Amino acid sequence: MLTEEELIAAPEEEYMNEEQVEFFRHLLTEMADDIRQHIDSARKELQTMQYEADELDKAALEEERRLQLRFLDRQSKLLPKIGEAIKRLDSGEFGYCEVTGEPIGIRRLLARPTATLCAEEKMRQERKEQNYRDD
């Protein structure tokens, strides 16, 4: 299997070849497994938290619970995105912008393997959103 360095060093003409697809499949599968493990351990931790009689302890515990629930929410939202990315791998669409069809780029995919937009399109959309907020 390719290393990140080999992936980055690969010529552009080899973009999303079989080895690169397998690299990202492995990466996404590991991400999903890690997230599931983190979700399970966070849920168990939430179940074992006990309420304290002291008001300060209660407040600290509630804040910790709130942070755990926020973490669980974020992780739970990421799992379907990983599943969608794996489906795009299967269909040959992974690594290409869903709007322009241009390559997303290896570096961007390494930073965000669930990306569906190339950097240029993402910036265009963010500028559009900013313009709507400014109006």
# chains A, B, ... in the order shown; residues from 1 in each chain; ligands from 1
$ select_by_dssp --residues "stretch 1-103 of chain A" --states "helix (DSSP H, G or I)" --output "PyMOL selection string"
chain A and resi 4-9+12-14+18-48+55-91
$ residues_around --residues "A:Glu120" --least-positions-apart "5" --cutoff "12 Å" --atoms "only C-alpha atoms" --output "list in words"
Cys97, Val99, Thr100, Gly101, Glu102, Pro103, Ile104, Gly105, Arg108, Gln125, Glu126 and Arg127 of chain A
$ write_last_selection --atoms "N, CA and C atoms" --output "mmCIF file, in the first residue's frame"
data_model
loop_
_atom_site.group_PDB
_atom_site.id
_atom_site.type_symbol
_atom_site.label_atom_id
_atom_site.label_comp_id
_atom_site.auth_asym_id
_atom_site.auth_seq_id
_atom_site.Cartn_x
_atom_site.Cartn_y
_atom_site.Cartn_z
ATOM 1 N N CYS A 97 -14.598 16.860 -7.968
ATOM 2 C CA CYS A 97 -15.568 17.849 -7.503
ATOM 3 C C CYS A 97 -16.958 17.508 -8.045
ATOM 4 N N VAL A 99 -19.375 19.451 -8.408
ATOM 5 C CA VAL A 99 -19.929 20.559 -9.185
ATOM 6 C C VAL A 99 -19.203 20.720 -10.518
ATOM 7 N N THR A 100 -17.878 20.767 -10.467
ATOM 8 C CA THR A 100 -17.102 21.050 -11.674
ATOM 9 C C THR A 100 -16.547 19.807 -12.359
ATOM 10 N N GLY A 101 -16.452 18.697 -11.636
ATOM 11 C CA GLY A 101 -15.856 17.485 -12.187
ATOM 12 C C GLY A 101 -14.336 17.502 -12.167
ATOM 13 N N GLU A 102 -13.746 18.585 -11.692
ATOM 14 C CA GLU A 102 -12.289 18.717 -11.609
ATOM 15 C C GLU A 102 -11.745 17.877 -10.449
ATOM 16 N N PRO A 103 -10.478 17.444 -10.516
ATOM 17 C CA PRO A 103 -9.876 16.726 -9.379
ATOM 18 C C PRO A 103 -9.858 17.599 -8.120
ATOM 19 N N ILE A 104 -10.193 16.991 -7.015
ATOM 20 C CA ILE A 104 -10.164 17.700 -5.728
ATOM 21 C C ILE A 104 -8.727 17.898 -5.287
ATOM 22 N N GLY A 105 -7.880 16.929 -5.548
ATOM 23 C CA GLY A 105 -6.468 17.016 -5.183
ATOM 24 C C GLY A 105 -6.125 16.132 -4.001
ATOM 25 N N ARG A 108 -5.763 17.922 -0.454
ATOM 26 C CA ARG A 108 -7.073 18.254 0.130
ATOM 27 C C ARG A 108 -7.762 16.977 0.623
ATOM 28 N N GLN A 125 -18.385 28.948 -3.137
ATOM 29 C CA GLN A 125 -19.596 28.788 -2.332
ATOM 30 C C GLN A 125 -19.519 29.586 -1.037
ATOM 31 N N GLU A 126 -18.351 29.602 -0.414
ATOM 32 C CA GLU A 126 -18.189 30.366 0.826
ATOM 33 C C GLU A 126 -18.323 31.864 0.570
ATOM 34 N N ARG A 127 -17.786 32.348 -0.564
ATOM 35 C CA ARG A 127 -17.944 33.767 -0.909
ATOM 36 C C ARG A 127 -19.414 34.101 -1.135
#
$ residues_around --residues "A:Pro80" --least-positions-apart "5" --cutoff "10 Å" --atoms "only C-alpha atoms" --output "ChimeraX atom specification"
/A:32,75,85-86,114
$ write_last_selection --atoms "all heavy atoms" --output "PDB file, in the first residue's frame"
ATOM      1  N   ALA A  32     -13.782   5.316   9.969  1.00  0.00           N
ATOM      2  CA  ALA A  32     -15.110   4.883  10.411  1.00  0.00           C
ATOM      3  C   ALA A  32     -14.998   3.964  11.623  1.00  0.00           C
ATOM      4  O   ALA A  32     -15.760   4.111  12.597  1.00  0.00           O
ATOM      5  CB  ALA A  32     -15.844   4.188   9.269  1.00  0.00           C
ATOM      6  N   GLN A  75     -19.331  13.311  15.723  1.00  0.00           N
ATOM      7  CA  GLN A  75     -18.857  12.021  15.220  1.00  0.00           C
ATOM      8  C   GLN A  75     -19.977  11.283  14.492  1.00  0.00           C
ATOM      9  O   GLN A  75     -19.747  10.676  13.444  1.00  0.00           O
ATOM     10  CB  GLN A  75     -18.311  11.166  16.367  1.00  0.00           C
ATOM     11  CG  GLN A  75     -17.105  11.754  17.053  1.00  0.00           C
ATOM     12  CD  GLN A  75     -15.919  11.854  16.128  1.00  0.00           C
ATOM     13  OE1 GLN A  75     -15.458  10.863  15.597  1.00  0.00           O
ATOM     14  NE2 GLN A  75     -15.417  13.048  15.937  1.00  0.00           N
ATOM     15  N   ALA A  85     -18.484   8.721   1.006  1.00  0.00           N
ATOM     16  CA  ALA A  85     -17.173   8.765   0.342  1.00  0.00           C
ATOM     17  C   ALA A  85     -16.781   7.374  -0.160  1.00  0.00           C
ATOM     18  O   ALA A  85     -16.255   7.236  -1.268  1.00  0.00           O
ATOM     19  CB  ALA A  85     -16.114   9.318   1.294  1.00  0.00           C
ATOM     20  N   ILE A  86     -17.061   6.348   0.630  1.00  0.00           N
ATOM     21  CA  ILE A  86     -16.752   4.979   0.207  1.00  0.00           C
ATOM     22  C   ILE A  86     -17.604   4.608  -1.011  1.00  0.00           C
ATOM     23  O   ILE A  86     -17.112   3.971  -1.945  1.00  0.00           O
ATOM     24  CB  ILE A  86     -16.915   3.988   1.380  1.00  0.00           C
ATOM     25  CG1 ILE A  86     -15.814   4.252   2.424  1.00  0.00           C
ATOM     26  CG2 ILE A  86     -16.880   2.540   0.889  1.00  0.00           C
ATOM     27  CD1 ILE A  86     -15.966   3.495   3.720  1.00  0.00           C
ATOM     28  N   THR A 114     -13.451  13.237   3.196  1.00  0.00           N
ATOM     29  CA  THR A 114     -14.864  13.232   2.814  1.00  0.00           C
ATOM     30  C   THR A 114     -15.218  14.408   1.900  1.00  0.00           C
ATOM     31  O   THR A 114     -16.390  14.591   1.561  1.00  0.00           O
ATOM     32  CB  THR A 114     -15.763  13.280   4.066  1.00  0.00           C
ATOM     33  OG1 THR A 114     -15.440  14.448   4.820  1.00  0.00           O
ATOM     34  CG2 THR A 114     -15.586  12.032   4.920  1.00  0.00           C
TER      35      THR A 114
END
$ atom_distance --atom1 "atom CA of A:Leu72" --atom2 "atom CA of A:Leu28"
18.4 Å
$ closest_residue --among "A:Ser91, A:Ala10, A:Glu19, A:Leu27" --to "A:Leu109" --atoms "only C-alpha atoms"
A:Leu27
$ closest_residue --among "A:Ile82, A:Leu110, A:Met123, A:Cys118" --to "A:Asp33" --atoms "only C-alpha atoms"
A:Ile82
$ closest_residue --among "A:Arg36, A:His26, A:Arg124, A:Arg107" --to "A:Lys77" --atoms "only C-alpha atoms"
A:Arg36
